[in-house]
Amino acid sequence: MATCLVFLFLAFFAFSANAYVNFDCGASDDYTDERNLAWTGDDGLFQNSQAAVVQSRNTLPHVMSTLRVFTTRKKNCYSISDVKGSLLLVRASFFYGNYDGKSSPPSFDMHFDGNEWTTVQTSLDQLVNYEVVYASGSDTTSICLSQTQPNQFPFISALEVTPLDSKMYSYLDPIHALFLRSRVAYGADATVRYPDDYYDRIWDPATVGSGVTSVASDASFISTANAPDNPPREVLQNAITISSTSDSISINPASSNTSFLLIADPDSTLPPLVNAVEAFSISNRLTDGTNSKDVQGISELQKAFSDVLEVFWSGDPCLPSPYTWEWTTCSNDTIPRITALDLSSFNLSGELPDFSSMDALVTINLQNNSITGPIPDFLGALPNLKELNLADNSFSGPVPPSLSSNKKLKLVVSGNPDLCVSSKSCQTTSTDGNTTSSSVPSGSRKKSSKLPVILGTTIPIFVIFWALVAFLLHHKRKTAAIAAVTTGQTGGANRPGGANRPGGANNMTGKIGGAVINEIRVKLPRPNNDREWRSRESTSREWRSRMEIKRIHINENAIWWMRKTISLPSSNL
C-alpha cells in the first residue's frame with residue numbers, strides 16, 4: 001500500500017449533501033446530540049446480537065455509553081441503501097469500557113462490500129475508531145464485523161456513513177479505497193469536527209516539537225474557492241512554522257516510521273508552513289464482489305421471503321472468502337459464483353421466486369420449510385444442478401419432467417403430501433375447454449386404491465363362509481332327523497305307521513314327518529281311550545303332512561338364495 005499525504009491551506013466550500021446515517025449501536029432510541037447530530041438506535045436490526053452498557057466511559061460522549069456485541073455467525077453486517085455511485089466516508093468507533101467485566105478487550109476483522117478493511121484492536125479504556133473513503137458501486141453498501149479468535153466477540157459502539165462531495169479526493173479512482181491513517185490540525189488547541197467540519201471529519205490537534213512555532217491568522221476572511229477536499233475554516237486559522245528559510249519542518253502524520261520534510265523553495269523569502277494534514281493508505285484493487293447474476297437471484301429470494309432472509313442476509317455472500325455466508329458455497333474465481341444454497345429449516349413460507357439467474361448452482365437444499373405452490377420449471381433448466389432437495393414442504397401439482405426425467409439429478413421430493421410424484425398419481429380434467437391438473441397425494445391414492453379390492457374380495461368370502469355354515473348346519477339337522485326316523489321305524493314295525501305302511505321308513509316325507517312326530521309324542525300325555533287315540537292319530541297325520549310340506553318349502557328357498565348370492569351352479573349344491 002502507498003501512503004498519500006495531503007496538505008490543506010485554504011478551506012470552506014458549502015453545498016447540499018445527502019443526509020447523514022449515524023448508528024448509535026446498542027441504543028434503542030433516536031436522538032440528537034449536543035452537536036446537533038441526529039443518531040439512530042440499531043435496536044431491532046439484528047436477531048443474533050446483544051446490546052450492552054459500558055461500565056465507564058469517562059468523559060466520552062453519550063454515544064459511547066452503549067455497544068452491540070455479536071456472538072454468532074461468521075460475519076454480521078450493517079447495510080445502508082440508496083448509495084450507488086456515492087463517495088462515502090465511513091467511520092466505525094469502538095469503546096470496550098469493560099462491558100463484560102472480563103477486562104479483556106477483543107480483536108476482530110472488519111470488511112466493507114466484501115473487501116478487507118482492517119483488524120480492529122480495541123482498548124480497555126480508550127476510544128478507537130477507523131475511517132475509510134470509497135465510491136460505492138452498488139445500491140447498498142455493507143460494513144461487516146467478523147470473529148477471528150475464540151471467545152473474542154466483535155462489538156461496535158458507533159457507525160457513521162457520510163456522503164461526500166463527488167469532487168473531493170479526486171485523486172481516488174473507483175477501484176481503490178483510502179484508509180485513514182491520521183488527520184491533524186497543526187496549531188489548533190482543540191479537536192475540530194462538526195459543525196465546523198460539515199462532514200464531521202475529526203481533526204486532532206498536533207503536538208508541536210522543539211524549534212517549531214504555532215501561528216494564528218488574523219485574516220477576517222479566508223477564501224476557500226480553490227481549496228481541495230473542502231477543509232473546514234477552523235483548521236486553516238492556525239498553523240506551525242519555523243523561523244528560518246534554511247530550516248525544515250519534519251512531520252510524521254502516518255506513523256513514527258514515516259516522516260516528511262517541508263523545505264522552503266530556494267526563491268522563497270518565507271519559511272515553510274503547514275495548517276493540517278490527512279494521511280491515507282491506499283487499498284489494493286477493490287473486488288467486484290460476488291457475480292451480479294447470483295446477487296440478482298439472492299435479491300429475488302430476499303424479496304420473496306423478506307420476513308426471514310432480510311434479517312439473516314447482509315453483506316457480500318462470498319467475500320471475503322474466509323467469511324462466506326454459512327448457507328452458501330462459493331467458487332474460487334476472481335468474481336466468485338454461488339455453487340450451493342442450503343436453506344433447509346429456515347421456516348420459509350410462500351412460493352419460490354424465479355432465481356434462474358443463479359446458473360452456477362450445483363446443489364440446492366430447501367428441505368423442511370413450508371414452501372407452497374408448484375415446483376418451478378426453471379429448476380430443471382439450471383445447467384449445473386446435480387442435487388435438489390425439496391423434501392418436507394407443501395409443494396403441489398406435478399413434478400416438472402425436466403426434473404423427474406433427469407437421470408443425472410439427485411431429486412428428493414418426499415414429504416410433500418399434495419405433490420404428484422408420477423403421471424399415475426395425477427388426474428387431468430377438462431372444464432369448458434380448459435385443461436387443469438388435479439393432484440392426488442401419493443400416499444392417499446395408494447390407500448384408497450386398495451379399498452375396493454379389499455371389499456370386493458372380503459364380502460364374497462364372508463357370504464360364502466356363512467352360507468356354507470348354514471348349509472352344513474341344515475345338512476346335519478337333516479341327517480339327524482333321518483336317523484331318528486330310521487330308528488323309530490325299526491323299533492315300531494308292528495305298530496300303525498310301521499315299516500310296511502305307505503309313508504313309512506322307505507319314504508323321505510314319512511321320515512321327516514316321523515321324526516317330528518316322534519319328538520312331539522314325547523311331550524303329549526297318553527290317550528285315555530280308543531276314541532281319543534283315533535282323534536289324536538288323525539290330527540297327527542294332518543300336522544305331519546303340513547310340517548313335511550313346510551320344511552321342504554324352506555329348504556328349497558334356502559337353496560335358491562344360496563345359488564343367487566354365491567352364483568354357484570346348481571350341481572355344486
# chains A, B, ... in the order shown; residues from 1 in each chain; ligands from 1
>>> residues_around(residues="Pro400 in chain A", least_positions_apart="4", cutoff="8 Å", atoms="only C-alpha atoms", output="VMD selection string")
chain A and resid 375 to 377 380 404
>>> write_last_selection(atoms="all heavy atoms", output="CSV table (one decimal), in the first residue's frame")
chain,number,residue,atom,x,y,z
A,375,ILE,N,-43.7,-26.8,-8.2
A,375,ILE,CA,-42.2,-26.8,-8.4
A,375,ILE,C,-41.9,-26.0,-9.6
A,375,ILE,O,-42.4,-26.4,-10.7
A,375,ILE,CB,-41.7,-28.2,-8.4
A,375,ILE,CG1,-41.9,-28.9,-7.1
A,375,ILE,CG2,-40.2,-28.1,-8.7
A,375,ILE,CD1,-41.5,-30.3,-7.1
A,376,PRO,N,-41.1,-24.9,-9.6
A,376,PRO,CA,-40.9,-24.1,-10.8
A,376,PRO,C,-40.1,-24.9,-11.8
A,376,PRO,O,-39.2,-25.7,-11.6
A,376,PRO,CB,-40.0,-22.9,-10.2
A,376,PRO,CG,-40.3,-22.9,-8.8
A,376,PRO,CD,-40.5,-24.3,-8.4
A,377,ASP,N,-40.5,-24.6,-13.1
A,377,ASP,CA,-39.8,-25.3,-14.2
A,377,ASP,C,-38.4,-24.9,-14.4
A,377,ASP,O,-37.6,-25.6,-14.9
A,377,ASP,CB,-40.6,-25.0,-15.5
A,377,ASP,CG,-42.0,-25.6,-15.6
A,377,ASP,OD1,-42.1,-26.7,-15.0
A,377,ASP,OD2,-42.9,-25.1,-16.2
A,380,GLY,N,-35.4,-27.1,-13.4
A,380,GLY,CA,-34.9,-28.2,-14.4
A,380,GLY,C,-34.0,-27.6,-15.5
A,380,GLY,O,-33.4,-28.4,-16.2
A,404,SER,N,-37.9,-34.8,-13.2
A,404,SER,CA,-38.2,-36.2,-13.0
A,404,SER,C,-37.5,-37.1,-14.0
A,404,SER,O,-37.1,-38.2,-13.7
A,404,SER,CB,-39.7,-36.4,-13.0
A,404,SER,OG,-40.2,-36.0,-14.3
>>> residues_around(residues="range 174-188 of chain A", least_positions_apart="6", cutoff="6 Å", atoms="only C-alpha atoms", output="mmCIF file with N, CA, C and O atoms, in the first residue's frame")
data_model
loop_
_atom_site.group_PDB
_atom_site.id
_atom_site.type_symbol
_atom_site.label_atom_id
_atom_site.label_comp_id
_atom_site.auth_asym_id
_atom_site.auth_seq_id
_atom_site.Cartn_x
_atom_site.Cartn_y
_atom_site.Cartn_z
ATOM 1 N N GLU A 131 -11.503 4.840 9.785
ATOM 2 C CA GLU A 131 -12.221 5.503 8.705
ATOM 3 C C GLU A 131 -11.762 4.974 7.359
ATOM 4 O O GLU A 131 -10.589 4.622 7.171
ATOM 5 N N VAL A 132 -12.713 4.935 6.414
ATOM 6 C CA VAL A 132 -12.390 4.573 5.041
ATOM 7 C C VAL A 132 -13.201 5.474 4.115
ATOM 8 O O VAL A 132 -14.336 5.857 4.437
ATOM 9 N N VAL A 133 -12.607 5.840 2.977
ATOM 10 C CA VAL A 133 -13.273 6.637 1.947
ATOM 11 C C VAL A 133 -13.280 5.807 0.666
ATOM 12 O O VAL A 133 -12.226 5.333 0.221
ATOM 13 N N TYR A 134 -14.456 5.621 0.069
ATOM 14 C CA TYR A 134 -14.545 4.841 -1.167
ATOM 15 C C TYR A 134 -15.822 5.227 -1.903
ATOM 16 O O TYR A 134 -16.754 5.817 -1.327
ATOM 17 N N ALA A 135 -15.844 4.869 -3.186
ATOM 18 C CA ALA A 135 -17.031 5.101 -4.008
ATOM 19 C C ALA A 135 -17.849 3.811 -4.049
ATOM 20 O O ALA A 135 -17.332 2.751 -4.408
ATOM 21 N N TRP A 203 -10.524 16.313 13.266
ATOM 22 C CA TRP A 203 -9.182 16.881 13.143
ATOM 23 C C TRP A 203 -8.604 17.014 14.546
ATOM 24 O O TRP A 203 -9.077 17.807 15.352
ATOM 25 N N ASP A 204 -7.602 16.210 14.819
ATOM 26 C CA ASP A 204 -6.974 16.233 16.144
ATOM 27 C C ASP A 204 -5.868 17.284 16.196
ATOM 28 O O ASP A 204 -5.095 17.426 15.233
ATOM 29 N N PRO A 205 -5.752 18.006 17.290
ATOM 30 C CA PRO A 205 -4.646 18.971 17.421
ATOM 31 C C PRO A 205 -3.318 18.221 17.475
ATOM 32 O O PRO A 205 -3.224 17.152 18.089
ATOM 33 N N ALA A 206 -2.299 18.774 16.819
ATOM 34 C CA ALA A 206 -0.995 18.124 16.745
ATOM 35 C C ALA A 206 -0.057 18.708 17.782
ATOM 36 O O ALA A 206 -0.127 19.901 18.112
ATOM 37 N N SER A 214 3.889 27.839 16.673
ATOM 38 C CA SER A 214 2.472 27.896 16.291
ATOM 39 C C SER A 214 2.113 29.336 15.962
ATOM 40 O O SER A 214 2.488 30.270 16.690
ATOM 41 N N VAL A 235 -9.486 24.809 10.694
ATOM 42 C CA VAL A 235 -8.149 24.206 10.659
ATOM 43 C C VAL A 235 -7.174 25.082 9.879
ATOM 44 O O VAL A 235 -5.950 24.850 9.913
ATOM 45 N N ASN A 238 -5.007 28.277 12.005
ATOM 46 C CA ASN A 238 -3.786 28.035 12.776
ATOM 47 C C ASN A 238 -2.814 27.227 11.933
ATOM 48 O O ASN A 238 -3.217 26.475 11.032
ATOM 49 N N ALA A 239 -1.552 27.327 12.283
ATOM 50 C CA ALA A 239 -0.514 26.615 11.536
ATOM 51 C C ALA A 239 0.735 26.510 12.394
ATOM 52 O O ALA A 239 0.822 27.105 13.480
ATOM 53 N N ILE A 240 1.726 25.760 11.912
ATOM 54 C CA ILE A 240 3.057 25.709 12.543
ATOM 55 C C ILE A 240 4.080 26.108 11.484
ATOM 56 O O ILE A 240 3.885 25.847 10.282
ATOM 57 N N PRO A 253 2.772 12.184 10.155
ATOM 58 C CA PRO A 253 1.353 12.004 10.454
ATOM 59 C C PRO A 253 0.875 10.558 10.329
ATOM 60 O O PRO A 253 -0.123 10.184 10.939
ATOM 61 N N ALA A 254 1.575 9.749 9.537
ATOM 62 C CA ALA A 254 1.103 8.385 9.307
ATOM 63 C C ALA A 254 1.574 7.438 10.395
ATOM 64 O O ALA A 254 0.781 6.684 10.965
ATOM 65 N N ASN A 275 -0.811 23.874 7.788
ATOM 66 C CA ASN A 275 -2.023 24.040 8.609
ATOM 67 C C ASN A 275 -2.574 22.701 9.098
ATOM 68 O O ASN A 275 -2.931 22.561 10.276
ATOM 69 N N ALA A 276 -2.731 21.757 8.164
ATOM 70 C CA ALA A 276 -3.374 20.487 8.535
ATOM 71 C C ALA A 276 -2.944 19.404 7.553
ATOM 72 O O ALA A 276 -2.498 19.691 6.437
ATOM 73 N N VAL A 277 -3.103 18.195 7.989
ATOM 74 C CA VAL A 277 -2.697 17.042 7.162
ATOM 75 C C VAL A 277 -3.714 15.906 7.312
ATOM 76 O O VAL A 277 -4.184 15.618 8.418
ATOM 77 N N GLU A 278 -4.042 15.275 6.186
ATOM 78 C CA GLU A 278 -4.729 13.983 6.176
ATOM 79 C C GLU A 278 -3.802 12.971 5.525
ATOM 80 O O GLU A 278 -3.303 13.214 4.428
ATOM 81 N N ALA A 279 -3.595 11.848 6.189
ATOM 82 C CA ALA A 279 -2.752 10.794 5.641
ATOM 83 C C ALA A 279 -3.592 9.527 5.487
ATOM 84 O O ALA A 279 -4.298 9.109 6.410
ATOM 85 N N PHE A 280 -3.491 8.940 4.275
ATOM 86 C CA PHE A 280 -4.267 7.744 3.974
ATOM 87 C C PHE A 280 -3.369 6.636 3.457
ATOM 88 O O PHE A 280 -2.334 6.898 2.848
ATOM 89 N N SER A 281 -3.804 5.406 3.666
ATOM 90 C CA SER A 281 -3.233 4.258 2.970
ATOM 91 C C SER A 281 -4.160 3.924 1.813
ATOM 92 O O SER A 281 -5.392 3.981 1.954
ATOM 93 N N ILE A 282 -3.572 3.599 0.671
ATOM 94 C CA ILE A 282 -4.377 3.242 -0.494
ATOM 95 C C ILE A 282 -4.562 1.725 -0.509
ATOM 96 O O ILE A 282 -3.604 0.961 -0.359
ATOM 97 N N SER A 283 -5.761 1.312 -0.702
ATOM 98 C CA SER A 283 -6.083 -0.116 -0.663
ATOM 99 C C SER A 283 -5.593 -0.836 -1.909
ATOM 100 O O SER A 283 -5.205 -0.213 -2.909
ATOM 101 N N ARG A 285 -6.632 -3.244 -5.126
ATOM 102 C CA ARG A 285 -7.782 -3.107 -6.024
ATOM 103 C C ARG A 285 -9.026 -3.697 -5.371
ATOM 104 O O ARG A 285 -9.000 -4.823 -4.850
ATOM 105 N N LEU A 286 -10.100 -2.925 -5.375
ATOM 106 C CA LEU A 286 -11.325 -3.398 -4.759
ATOM 107 C C LEU A 286 -11.948 -4.516 -5.588
ATOM 108 O O LEU A 286 -11.888 -4.510 -6.821
#
>>> atom_distance(atom1="CA of Pro374 in chain A", atom2="CA of Pro398 in chain A")
7.4 Å
>>> residues_around(residues="Met64 in chain A", least_positions_apart="4", cutoff="10 Å", atoms="only C-alpha atoms", output="ChimeraX atom specification")
/A:24-27,53-54,56-60,93-97,127,156-158
>>> write_last_selection(atoms="N, CA and C atoms", output="mmCIF file, in the first residue's frame")
data_model
loop_
_atom_site.group_PDB
_atom_site.id
_atom_site.type_symbol
_atom_site.label_atom_id
_atom_site.label_comp_id
_atom_site.auth_asym_id
_atom_site.auth_seq_id
_atom_site.Cartn_x
_atom_site.Cartn_y
_atom_site.Cartn_z
ATOM 1 N N ASP A 24 -26.190 4.703 16.611
ATOM 2 C CA ASP A 24 -25.729 4.539 17.992
ATOM 3 C C ASP A 24 -25.954 3.065 18.328
ATOM 4 N N CYS A 25 -24.902 2.287 18.261
ATOM 5 C CA CYS A 25 -25.025 0.839 18.388
ATOM 6 C C CYS A 25 -25.338 0.452 19.833
ATOM 7 N N GLY A 26 -26.343 -0.388 19.975
ATOM 8 C CA GLY A 26 -26.784 -0.805 21.305
ATOM 9 C C GLY A 26 -27.885 0.058 21.867
ATOM 10 N N ALA A 27 -28.188 1.175 21.223
ATOM 11 C CA ALA A 27 -29.244 2.071 21.704
ATOM 12 C C ALA A 27 -30.575 1.683 21.077
ATOM 13 N N VAL A 53 -24.177 -2.148 28.010
ATOM 14 C CA VAL A 53 -23.841 -0.830 28.529
ATOM 15 C C VAL A 53 -22.435 -0.902 29.120
ATOM 16 N N VAL A 54 -21.598 0.059 28.763
ATOM 17 C CA VAL A 54 -20.231 0.048 29.264
ATOM 18 C C VAL A 54 -20.219 0.423 30.742
ATOM 19 N N SER A 56 -17.810 2.152 32.292
ATOM 20 C CA SER A 56 -17.314 3.517 32.491
ATOM 21 C C SER A 56 -16.917 4.084 31.140
ATOM 22 N N ARG A 57 -17.366 5.307 30.859
ATOM 23 C CA ARG A 57 -16.982 5.947 29.606
ATOM 24 C C ARG A 57 -16.207 7.239 29.852
ATOM 25 N N ASN A 58 -15.828 7.475 31.077
ATOM 26 C CA ASN A 58 -15.036 8.652 31.433
ATOM 27 C C ASN A 58 -15.703 9.921 30.893
ATOM 28 N N THR A 59 -14.989 10.660 30.065
ATOM 29 C CA THR A 59 -15.530 11.915 29.530
ATOM 30 C C THR A 59 -15.983 11.773 28.076
ATOM 31 N N LEU A 60 -16.182 10.541 27.645
ATOM 32 C CA LEU A 60 -16.572 10.317 26.257
ATOM 33 C C LEU A 60 -18.030 10.729 26.041
ATOM 34 N N SER A 93 -16.562 3.215 15.303
ATOM 35 C CA SER A 93 -15.942 3.543 16.597
ATOM 36 C C SER A 93 -16.168 2.410 17.586
ATOM 37 N N PHE A 94 -15.150 2.190 18.450
ATOM 38 C CA PHE A 94 -15.182 1.068 19.386
ATOM 39 C C PHE A 94 -14.686 1.534 20.764
ATOM 40 N N PHE A 95 -15.542 1.378 21.756
ATOM 41 C CA PHE A 95 -15.134 1.653 23.126
ATOM 42 C C PHE A 95 -15.558 0.466 23.987
ATOM 43 N N TYR A 96 -14.572 -0.306 24.399
ATOM 44 C CA TYR A 96 -14.828 -1.546 25.143
ATOM 45 C C TYR A 96 -15.429 -1.257 26.516
ATOM 46 N N GLY A 97 -14.785 -0.387 27.276
ATOM 47 C CA GLY A 97 -15.308 0.030 28.581
ATOM 48 C C GLY A 97 -15.577 -1.118 29.533
ATOM 49 N N LEU A 127 -10.936 5.073 23.411
ATOM 50 C CA LEU A 127 -11.772 5.031 22.219
ATOM 51 C C LEU A 127 -10.898 4.780 20.996
ATOM 52 N N ILE A 156 -19.355 -3.168 18.418
ATOM 53 C CA ILE A 156 -19.206 -1.848 17.818
ATOM 54 C C ILE A 156 -20.024 -0.858 18.631
ATOM 55 N N SER A 157 -19.482 0.348 18.788
ATOM 56 C CA SER A 157 -20.144 1.390 19.577
ATOM 57 C C SER A 157 -20.900 2.384 18.714
ATOM 58 N N ALA A 158 -20.333 2.724 17.553
ATOM 59 C CA ALA A 158 -20.996 3.690 16.668
ATOM 60 C C ALA A 158 -20.544 3.456 15.244
#
>>> atom_distance(atom1="CA of Val212 in chain A", atom2="CA of Pro231 in chain A")
22.9 Å
>>> residues_around(residues="Gln50 in chain A", least_positions_apart="2", cutoff="10 Å", atoms="only C-alpha atoms", output="ChimeraX atom specification")
/A:26,43,46-48,52,67-71,155
>>> write_last_selection(atoms="all heavy atoms", output="short mmCIF file (atom, residue, chain, number, x, y, z; two decimals), in the first residue's frame")
data_model
loop_
_atom_site.label_atom_id
_atom_site.label_comp_id
_atom_site.auth_asym_id
_atom_site.auth_seq_id
_atom_site.Cartn_x
_atom_site.Cartn_y
_atom_site.Cartn_z
N GLY A 26 -26.34 -0.39 19.97
CA GLY A 26 -26.78 -0.80 21.30
C GLY A 26 -27.89 0.06 21.87
O GLY A 26 -28.49 -0.29 22.89
N ASP A 43 -31.41 -0.93 17.62
CA ASP A 43 -32.21 -1.99 18.21
C ASP A 43 -33.24 -2.48 17.19
O ASP A 43 -33.95 -1.70 16.59
CB ASP A 43 -32.92 -1.47 19.46
CG ASP A 43 -33.59 -2.57 20.25
OD1 ASP A 43 -33.06 -3.70 20.24
OD2 ASP A 43 -34.63 -2.31 20.86
N PHE A 46 -30.90 -6.53 14.31
CA PHE A 46 -30.28 -7.85 14.38
C PHE A 46 -31.06 -8.73 15.35
O PHE A 46 -31.58 -8.26 16.36
CB PHE A 46 -28.82 -7.75 14.87
CG PHE A 46 -27.94 -6.91 13.98
CD1 PHE A 46 -27.75 -5.56 14.24
CD2 PHE A 46 -27.30 -7.47 12.89
CE1 PHE A 46 -26.95 -4.78 13.43
CE2 PHE A 46 -26.49 -6.70 12.07
CZ PHE A 46 -26.31 -5.36 12.35
N GLN A 47 -31.10 -10.04 15.03
CA GLN A 47 -31.74 -11.00 15.91
C GLN A 47 -30.71 -11.86 16.66
O GLN A 47 -31.07 -12.63 17.53
CB GLN A 47 -32.67 -11.92 15.11
CG GLN A 47 -33.89 -11.20 14.56
CD GLN A 47 -34.84 -12.16 13.87
OE1 GLN A 47 -34.51 -13.31 13.60
NE2 GLN A 47 -36.04 -11.69 13.59
N ASN A 48 -29.48 -11.74 16.28
CA ASN A 48 -28.46 -12.60 16.86
C ASN A 48 -27.38 -11.79 17.57
O ASN A 48 -26.20 -12.08 17.47
CB ASN A 48 -27.81 -13.45 15.77
CG ASN A 48 -27.14 -12.59 14.71
OD1 ASN A 48 -27.67 -11.56 14.32
ND2 ASN A 48 -25.99 -13.00 14.23
N ALA A 52 -25.27 -3.88 25.05
CA ALA A 52 -24.61 -3.83 26.35
C ALA A 52 -24.30 -2.39 26.71
O ALA A 52 -24.18 -1.52 25.83
CB ALA A 52 -23.32 -4.65 26.34
N LEU A 67 -23.10 -0.35 23.37
CA LEU A 67 -22.46 -1.04 22.25
C LEU A 67 -23.32 -2.24 21.86
O LEU A 67 -24.21 -2.65 22.59
CB LEU A 67 -21.04 -1.47 22.59
CG LEU A 67 -20.82 -2.36 23.82
CD1 LEU A 67 -21.07 -3.84 23.52
CD2 LEU A 67 -19.40 -2.19 24.36
N ARG A 68 -23.02 -2.82 20.71
CA ARG A 68 -23.69 -4.05 20.28
C ARG A 68 -22.62 -5.11 20.05
O ARG A 68 -21.63 -4.86 19.34
CB ARG A 68 -24.51 -3.83 19.01
CG ARG A 68 -25.29 -5.08 18.59
CD ARG A 68 -26.41 -4.73 17.64
NE ARG A 68 -27.37 -3.81 18.25
CZ ARG A 68 -28.34 -4.18 19.09
NH1 ARG A 68 -28.47 -5.45 19.44
NH2 ARG A 68 -29.16 -3.27 19.57
N VAL A 69 -22.85 -6.30 20.62
CA VAL A 69 -21.90 -7.39 20.53
C VAL A 69 -22.54 -8.55 19.77
O VAL A 69 -23.73 -8.84 19.92
CB VAL A 69 -21.43 -7.84 21.94
CG1 VAL A 69 -22.59 -8.29 22.80
CG2 VAL A 69 -20.39 -8.95 21.83
N PHE A 70 -21.74 -9.21 18.93
CA PHE A 70 -22.21 -10.31 18.10
C PHE A 70 -21.51 -11.60 18.53
O PHE A 70 -20.28 -11.68 18.50
CB PHE A 70 -21.92 -10.02 16.62
CG PHE A 70 -22.54 -8.75 16.13
CD1 PHE A 70 -21.82 -7.55 16.15
CD2 PHE A 70 -23.84 -8.73 15.67
CE1 PHE A 70 -22.38 -6.37 15.70
CE2 PHE A 70 -24.43 -7.55 15.23
CZ PHE A 70 -23.70 -6.37 15.24
N THR A 71 -22.31 -12.59 18.90
CA THR A 71 -21.74 -13.83 19.45
C THR A 71 -21.96 -15.03 18.53
O THR A 71 -21.54 -16.13 18.85
CB THR A 71 -22.37 -14.14 20.82
OG1 THR A 71 -23.79 -14.22 20.68
CG2 THR A 71 -22.02 -13.05 21.81
N PHE A 155 -17.66 -6.36 18.56
CA PHE A 155 -18.64 -5.40 19.03
C PHE A 155 -18.40 -4.08 18.31
O PHE A 155 -17.36 -3.87 17.68
CB PHE A 155 -18.55 -5.22 20.55
CG PHE A 155 -17.39 -4.38 21.00
CD1 PHE A 155 -17.51 -3.00 21.11
CD2 PHE A 155 -16.17 -4.97 21.32
CE1 PHE A 155 -16.44 -2.22 21.52
CE2 PHE A 155 -15.10 -4.19 21.71
CZ PHE A 155 -15.22 -2.81 21.81
#
>>> residues_around(residues="Asn115 in chain A", least_positions_apart="4", cutoff="9 Å", atoms="only C-alpha atoms", output="number ranges by chain")
A: 110-111, 286-287, 289, 319-320
>>> atom_distance(atom1="CA of Pro163 in chain A", atom2="CA of Ile80 in chain A")
11.5 Å
